[in-house]
Each structure stands twice: as C-alpha cells, then as structure tokens.
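Q: This is the structure, below, for whatever I ask next.
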Amino acid sequence: KDKDKKKGGNANGVANGSSDYQEWDDWNGWSCSDWKQEWGYGAGGQKKEFWGSNKEEWHCEDWSWDNWNDETSEWDEYITVKDSTIRVDLSGAELGDADLKALTKHLDTFMQHYTEKHGHYILNIDLSCNSYITDTGVSTHLVSFLSKWPECHRLKLYKNAIGDQSLKALASWVADGYVH
C-alpha cells in the first residue's frame with residue numbers, strides 16, 4: 001500500500017483514475033511468435049526438439065479465431081442428422097416455454113440452412129419429460145414452427161405440463177397427415 005501511495009495513488013491501488021492493472025490496459029495481445037519462443041520454436045519458426053517429441057507441428061493458423069463458427073449454438077448438441085432425418089432429442093432436459101422459444105428460433109435457422117443445401121427433410125422431435133413445457137409454449141412456439149416446417153414424423157410430448165389447449169393447437173397439423 002505504501003508503494004501505491006508513492007506512485008501518487010491511494011491505498012487501494014488507484015492512481016489518478018487508473019488502476020494497478022495498467023499492464024492489462026497496455027497489453028497488445030498474444031502473438032504467434034510468443035508461443036513459438038515459449039513452447040520450443042526458435043527464430044524463424046523452426047521447431048526445436050521439445051520434450052523429445054516427434055509429433056506433428058502445431059501451426060499458428062490452427063489457433064485462428066477466424067475459423068470458429070459464430071452461429072454454433074448449445075442447441076446443436078441435441079440435433080443429429082442421418083440421411084435426410086433430423087433428430088432433436090431433448091427428453092428430460094428440464095425445458096420450459098422460454099427454452100422452447102429459443103429452440104424453435106434456432107431450429108428455424110438450422111432448417112433453413114439444411115434445406116438450402118439438402119432439400120428434403122424429415123424431423124423427429126423428442127420434448128418428452130419436460131414438465132415446464134406448458135400449453136402456452138406449445139401453442140405459441142411449437143405450433144408456429146410446425147406450420148413452417150411440417151414434415152415432422154414424430155413429435156414426443158408426453159410427461160409435460162400440457163393439456164387440451166396444446167392438443168387443439170396441434171390438431172390441424174396432425175390432421176394434415178404429417179405425423180406418423
């Protein structure tokens with residue numbers, strides 16, 4: 001604390017509106033050459049023997065953030081595709097109506113990309129054992145999704161908090177013969 005006071009700051013490390021973390025403010029970022037020097041690469045990027053390893057080299061371009069897909073979503077973990085069948089398996093995931101809204105929004109985007117590339121699709125959606133999904137979520141989010149993407153052959157909604165309102169909302173979709 002005395003050191004901070006000598007710098008013209010107070011005992012909490014604040015000096016004229018700045019903090020002790022000035023090195024973070026001055027940091028220019030990580031560069032590939034930093035990694036090469038620290039992890040066994042010499043000048044010019046030539047690999048030095050490191051821990052006696054003969055493994056393939058790791059290249060800086062392998063670690064580029066430009067290659068990451070910004071559109072990746074946590075929902076993608078629950079979506080699988082085999083042939084032309086898209087399976088969404090969220091049984092027992094403790095989903096509620098707000099989750100259903102986010103899921104159908106993501107699935108809409110997913111389906112647009114899939115059909116642009118592959119054309120035909122069949123959906124199988126398992127939302128069973130999610131006791132927080134209610135009539136409101138089904139009638140508001142799921143019905144509008146299924147009206148846009150009706151080729152859903154299996155829709156599992158058992159052990160949810162739904163009733164007659166959901167069944168009435170889904171009736172026209174079922175009557176159109178898409179579900180098997």
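Residue names in the structure tokens use chain letters A, B, ... in the order shown, residue numbers from 1 in each chain, and ligand numbers from 1 in the order shown.
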Which residues are close to A:His120, i.e. within 12 Å by only C-alpha atoms, leaving aside same-chain residues fewer than 5 positions away? Reply as a list in words.
A: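 The contact residues come out as Asp83, Ser84, Thr85, Ile86, Met111, Gln112, His113, Tyr114, Thr115, Trp149, Pro150, Glu151 and Cys152 of chain A.
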Q: Could you name the residues that touch A:Ala102 at 10 Å or less, counting only C-alpha atoms, but leaving out those on the same chain fewer than 5 positions away, as a list of chain:residue names?
A: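 Non-adjacent residues within range: A:Trp75, A:Asp97, A:Leu107, A:Asp108, A:His141.
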Q: Which residues come within 9 Å of A:Val88, counting only C-alpha atoms, excluding same-chain residues fewer than 5 positions away, as a list in words?
A: Trp75, Asp76, Tyr78, Ile79, Thr80, Val81, Leu123, Asn124, Ile125, Asp126 and Leu127 of chain A
Q: Quick one: pull the distance between atom CA of A:Asn130 and atom CA of A:Thr109, Å, one decimal.
A: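 Straight-line distance from atom CA of A:Asn130 to atom CA of A:Thr109 works out to 23.1 Å.
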Q: Excluding same-chain residues fewer than 4 positions from A:Leu100, what lies within 10 Å of it counting only C-alpha atoms, as an MDAnalysis selection string?
A: chainID A and resid 95:96 104:106 127 132:134 137:138 140:142
Q: Would you mind exporting the chosen residues as an mmCIF file, in the first residue's frame, restricted to C-alpha atoms?
A:
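Dumped everything to result37.cif:
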data_model
loop_
_atom_site.group_PDB
_atom_site.id
_atom_site.type_symbol
_atom_site.label_atom_id
_atom_site.label_comp_id
_atom_site.auth_asym_id
_atom_site.auth_seq_id
_atom_site.Cartn_x
_atom_site.Cartn_y
_atom_site.Cartn_z
ATOM 1 C CA LEU A 95 -37.057 -27.264 -20.676
ATOM 2 C CA GLY A 96 -39.704 -24.614 -20.242
ATOM 3 C CA THR A 104 -37.676 -23.157 -32.239
ATOM 4 C CA LYS A 105 -35.855 -19.989 -33.252
ATOM 5 C CA HIS A 106 -32.585 -21.915 -33.557
ATOM 6 C CA LEU A 127 -39.539 -32.995 -25.999
ATOM 7 C CA TYR A 132 -42.027 -26.958 -17.575
ATOM 8 C CA ILE A 133 -43.341 -27.001 -21.146
ATOM 9 C CA THR A 134 -46.942 -25.806 -20.991
ATOM 10 C CA GLY A 137 -45.260 -22.764 -25.058
ATOM 11 C CA VAL A 138 -46.679 -25.388 -27.387
ATOM 12 C CA THR A 140 -47.172 -20.118 -29.145
ATOM 13 C CA HIS A 141 -43.836 -21.526 -30.287
ATOM 14 C CA LEU A 142 -44.110 -25.149 -31.397
#
